[in-house]
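Student: Next up is a structure, given as structure tokens.
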Amino acid sequence: MELPVIILNFKTYPCVDGEGALELARACEEVARETGKSIVVCPPMVELSRVAAGVSIPVFAQNVDVWDGSVTTGSTTLSAVKAAGASGILINHSESRRKLSDIEALIRKAREMGLTTIVCSNNVETSRAAAVMGPDLVAMEPPELIGGDISVTTADPGIVKDTVEALSRIAPDVKVLTGAGVKTREDVSMALKLGTCGVLLASGVVKARDPKGVLLSLAQGL
Ligand code: G3P
């Protein structure tokens with residue numbers, strides 16, 4: 001994955017059920033090709049394999065379960081997402097929080113398997129805690145702004161700047177992303193001005209009438 005980057009979390013919006021996931025991923029791939037910008041997609045888990053086989057941009061898993069090697073039913077394991085074609089994972093998203101010990105185990109095992117790790121956090125303090133566990137990136141997203149129309153970069157630029165500064169002191173190798181309410185190219189360029197390496201977003205593109213058009217515009221802010 002190249003930085004700076006736009007990471008699009010498809011979440012589980014009904015419009016990306018089934019074929020919709022691949023269609024959106026192909027639109028993202030076209031934008032990446034036409035603009036030369038780095039775009040990563042996180043399709044619904046059940047579509048991971050099909051999307052990874054259908055596009056050439058990086059595909060990340062939205063979520064992974066901690067697995068101790070015993071037989072389980074219905075779990076999504078690191079080795080399964082890797083085999084499905086994912087090159088990275090989101091961990092501890094606001095809508096799928098994990099225990100501290102599980103976050104650490106997932107980061108360590110994913111690293112051993114060559115998967116890129118992005119740990120989501122909700123403020124400066126949890127970003128610090130996440131960063132000392134050594135993920136590749138921390139994505140700071142205030143939960144109250146997720147899915148809304150006001151970008152974190154407008155609502156609270158200080159929390160983004162403070163996160164970047166804190167991590168540059170304690171874990172300079174860990175890059176910072178931000179997200180929540182990101183909708184415009186100005187939001188993206190402000191995220192970079194505040195010192196991040198890009199954005200993690202969802203509704204602004206996934207729910208748009210013209211996802212490709214919106215993404216083309218967002219990519220201009222990168
Ligand atoms: O994973 C990204 C997400 O939590 C932000 O969502 O809809 O505010 O862009 P959204």
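So you can find residues: chains in the structure tokens are A, B, ... in the order shown, residues in each start at 1, and ligands are numbered from 1 in order.
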Using only C-alpha atoms and all ligand atoms, determine which residues fall within 6 Å of ligand 1, then list them as a PDB file with all heavy atoms, in the first residue's frame.
Tutor:
ATOM      1  N   ASN A   9     -13.882   1.930   3.373  1.00  0.00           N
ATOM      2  CA  ASN A   9     -14.529   0.838   4.101  1.00  0.00           C
ATOM      3  C   ASN A   9     -15.964   0.722   3.582  1.00  0.00           C
ATOM      4  O   ASN A   9     -16.772   1.614   3.784  1.00  0.00           O
ATOM      5  CB  ASN A   9     -14.511   1.164   5.605  1.00  0.00           C
ATOM      6  CG  ASN A   9     -15.157   0.091   6.443  1.00  0.00           C
ATOM      7  OD1 ASN A   9     -15.590  -0.947   5.929  1.00  0.00           O
ATOM      8  ND2 ASN A   9     -15.231   0.323   7.742  1.00  0.00           N
ATOM      9  N   ILE A 146     -18.789   9.582  13.032  1.00  0.00           N
ATOM     10  CA  ILE A 146     -18.863   8.557  11.983  1.00  0.00           C
ATOM     11  C   ILE A 146     -20.256   8.532  11.357  1.00  0.00           C
ATOM     12  O   ILE A 146     -21.261   8.536  12.057  1.00  0.00           O
ATOM     13  CB  ILE A 146     -18.501   7.165  12.553  1.00  0.00           C
ATOM     14  CG1 ILE A 146     -17.000   7.109  12.878  1.00  0.00           C
ATOM     15  CG2 ILE A 146     -18.863   6.050  11.577  1.00  0.00           C
ATOM     16  CD1 ILE A 146     -16.530   5.806  13.507  1.00  0.00           C
ATOM     17  N   GLY A 147     -20.282   8.558  10.032  1.00  0.00           N
ATOM     18  CA  GLY A 147     -21.556   8.505   9.310  1.00  0.00           C
ATOM     19  C   GLY A 147     -22.227   9.860   9.181  1.00  0.00           C
ATOM     20  O   GLY A 147     -23.273   9.971   8.544  1.00  0.00           O
ATOM     21  N   GLY A 148     -21.631  10.896   9.777  1.00  0.00           N
ATOM     22  CA  GLY A 148     -22.232  12.232   9.727  1.00  0.00           C
ATOM     23  C   GLY A 148     -21.712  13.056   8.567  1.00  0.00           C
ATOM     24  O   GLY A 148     -20.944  12.571   7.730  1.00  0.00           O
ATOM     25  N   GLY A 179     -10.453   9.679  10.064  1.00  0.00           N
ATOM     26  CA  GLY A 179     -11.710   9.473   9.358  1.00  0.00           C
ATOM     27  C   GLY A 179     -12.862   9.870  10.243  1.00  0.00           C
ATOM     28  O   GLY A 179     -12.669  10.268  11.395  1.00  0.00           O
ATOM     29  N   ALA A 180     -14.048   9.775   9.704  1.00  0.00           N
ATOM     30  CA  ALA A 180     -15.340  10.124  10.318  1.00  0.00           C
ATOM     31  C   ALA A 180     -15.865  11.396   9.657  1.00  0.00           C
ATOM     32  O   ALA A 180     -15.297  12.477   9.843  1.00  0.00           O
ATOM     33  CB  ALA A 180     -15.257  10.294  11.829  1.00  0.00           C
ATOM     34  N   GLY A 181     -16.901  11.231   8.889  1.00  0.00           N
ATOM     35  CA  GLY A 181     -17.547  12.378   8.256  1.00  0.00           C
ATOM     36  C   GLY A 181     -16.811  12.958   7.056  1.00  0.00           C
ATOM     37  O   GLY A 181     -17.208  14.010   6.543  1.00  0.00           O
ATOM     38  N   VAL A 182     -15.763  12.287   6.592  1.00  0.00           N
ATOM     39  CA  VAL A 182     -15.002  12.806   5.447  1.00  0.00           C
ATOM     40  C   VAL A 182     -15.877  12.712   4.191  1.00  0.00           C
ATOM     41  O   VAL A 182     -16.347  11.632   3.837  1.00  0.00           O
ATOM     42  CB  VAL A 182     -13.684  12.021   5.259  1.00  0.00           C
ATOM     43  CG1 VAL A 182     -12.997  12.428   3.962  1.00  0.00           C
ATOM     44  CG2 VAL A 182     -12.772  12.244   6.455  1.00  0.00           C
ATOM     45  N   LEU A 200      -9.622   7.287   6.188  1.00  0.00           N
ATOM     46  CA  LEU A 200     -10.443   6.070   6.183  1.00  0.00           C
ATOM     47  C   LEU A 200     -11.885   6.556   6.141  1.00  0.00           C
ATOM     48  O   LEU A 200     -12.292   7.305   7.030  1.00  0.00           O
ATOM     49  CB  LEU A 200     -10.172   5.277   7.467  1.00  0.00           C
ATOM     50  CG  LEU A 200     -11.036   4.045   7.755  1.00  0.00           C
ATOM     51  CD1 LEU A 200     -10.888   2.983   6.672  1.00  0.00           C
ATOM     52  CD2 LEU A 200     -10.651   3.445   9.118  1.00  0.00           C
ATOM     53  N   LEU A 201     -12.608   6.204   5.095  1.00  0.00           N
ATOM     54  CA  LEU A 201     -13.974   6.717   5.010  1.00  0.00           C
ATOM     55  C   LEU A 201     -14.921   5.669   4.456  1.00  0.00           C
ATOM     56  O   LEU A 201     -14.503   4.636   3.941  1.00  0.00           O
ATOM     57  CB  LEU A 201     -14.039   8.003   4.184  1.00  0.00           C
ATOM     58  CG  LEU A 201     -14.084   7.879   2.655  1.00  0.00           C
ATOM     59  CD1 LEU A 201     -14.672   9.128   2.053  1.00  0.00           C
ATOM     60  CD2 LEU A 201     -12.701   7.630   2.114  1.00  0.00           C
ATOM     61  N   ALA A 202     -16.218   5.980   4.554  1.00  0.00           N
ATOM     62  CA  ALA A 202     -17.231   5.026   4.112  1.00  0.00           C
ATOM     63  C   ALA A 202     -18.398   5.733   3.436  1.00  0.00           C
ATOM     64  O   ALA A 202     -18.485   5.795   2.206  1.00  0.00           O
ATOM     65  CB  ALA A 202     -17.712   4.196   5.297  1.00  0.00           C
ATOM     66  N   SER A 203     -19.321   6.284   4.236  1.00  0.00           N
ATOM     67  CA  SER A 203     -20.622   6.716   3.712  1.00  0.00           C
ATOM     68  C   SER A 203     -20.527   7.729   2.575  1.00  0.00           C
ATOM     69  O   SER A 203     -21.353   7.690   1.652  1.00  0.00           O
ATOM     70  CB  SER A 203     -21.482   7.287   4.852  1.00  0.00           C
ATOM     71  OG  SER A 203     -20.808   8.324   5.532  1.00  0.00           O
ATOM     72  N   GLY A 204     -19.551   8.621   2.626  1.00  0.00           N
ATOM     73  CA  GLY A 204     -19.441   9.671   1.601  1.00  0.00           C
ATOM     74  C   GLY A 204     -19.326   9.106   0.198  1.00  0.00           C
ATOM     75  O   GLY A 204     -19.787   9.715  -0.774  1.00  0.00           O
TER      76      GLY A 204
END
Student: Excluding range 46-53 of chain A and residues on its chain fewer than 2 positions from it, collect all residues at most 9 Å away from it, counting only C-alpha atoms, and give them as a list in words.
Tutor: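 Once the adjacent positions are removed, what remains is Val16, Asp17, Gly18, Glu19, Ala21, Leu22, Glu23, Ala25, Arg26, Val41, Cys42, Pro43, Pro44, Val55, Ser56, Ile57, Pro58, Val59, Phe60, Ala61, Val81, Ala83, Ala84, Gly85 and Ala86 of chain A.
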Student: Write out as a ChimeraX atom specification the residues lying within 12 Å of range 94-106 of chain A, counting only C-alpha atoms and excluding same-chain residues fewer than 3 positions away.
Tutor: /A:9,11-12,62-68,77-79,88-91,109-123,126,129-135,138-147,179-180
Student: In Å, with one decimal, what is the gap from CA of Leu192 in chain A to CA of Pro4 in chain A?
Tutor: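 We find that CA of Leu192 in chain A and CA of Pro4 in chain A lie 8.1 Å from each other.
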Student: Run DSSP on the backbone and tell me which residues of range 12-161 of chain A come out as alpha helix (DSSP H); list them as a ChimeraX atom specification.
Tutor: /A:19-35,48-54,78-83,100-112,124-131,152-155,157-161
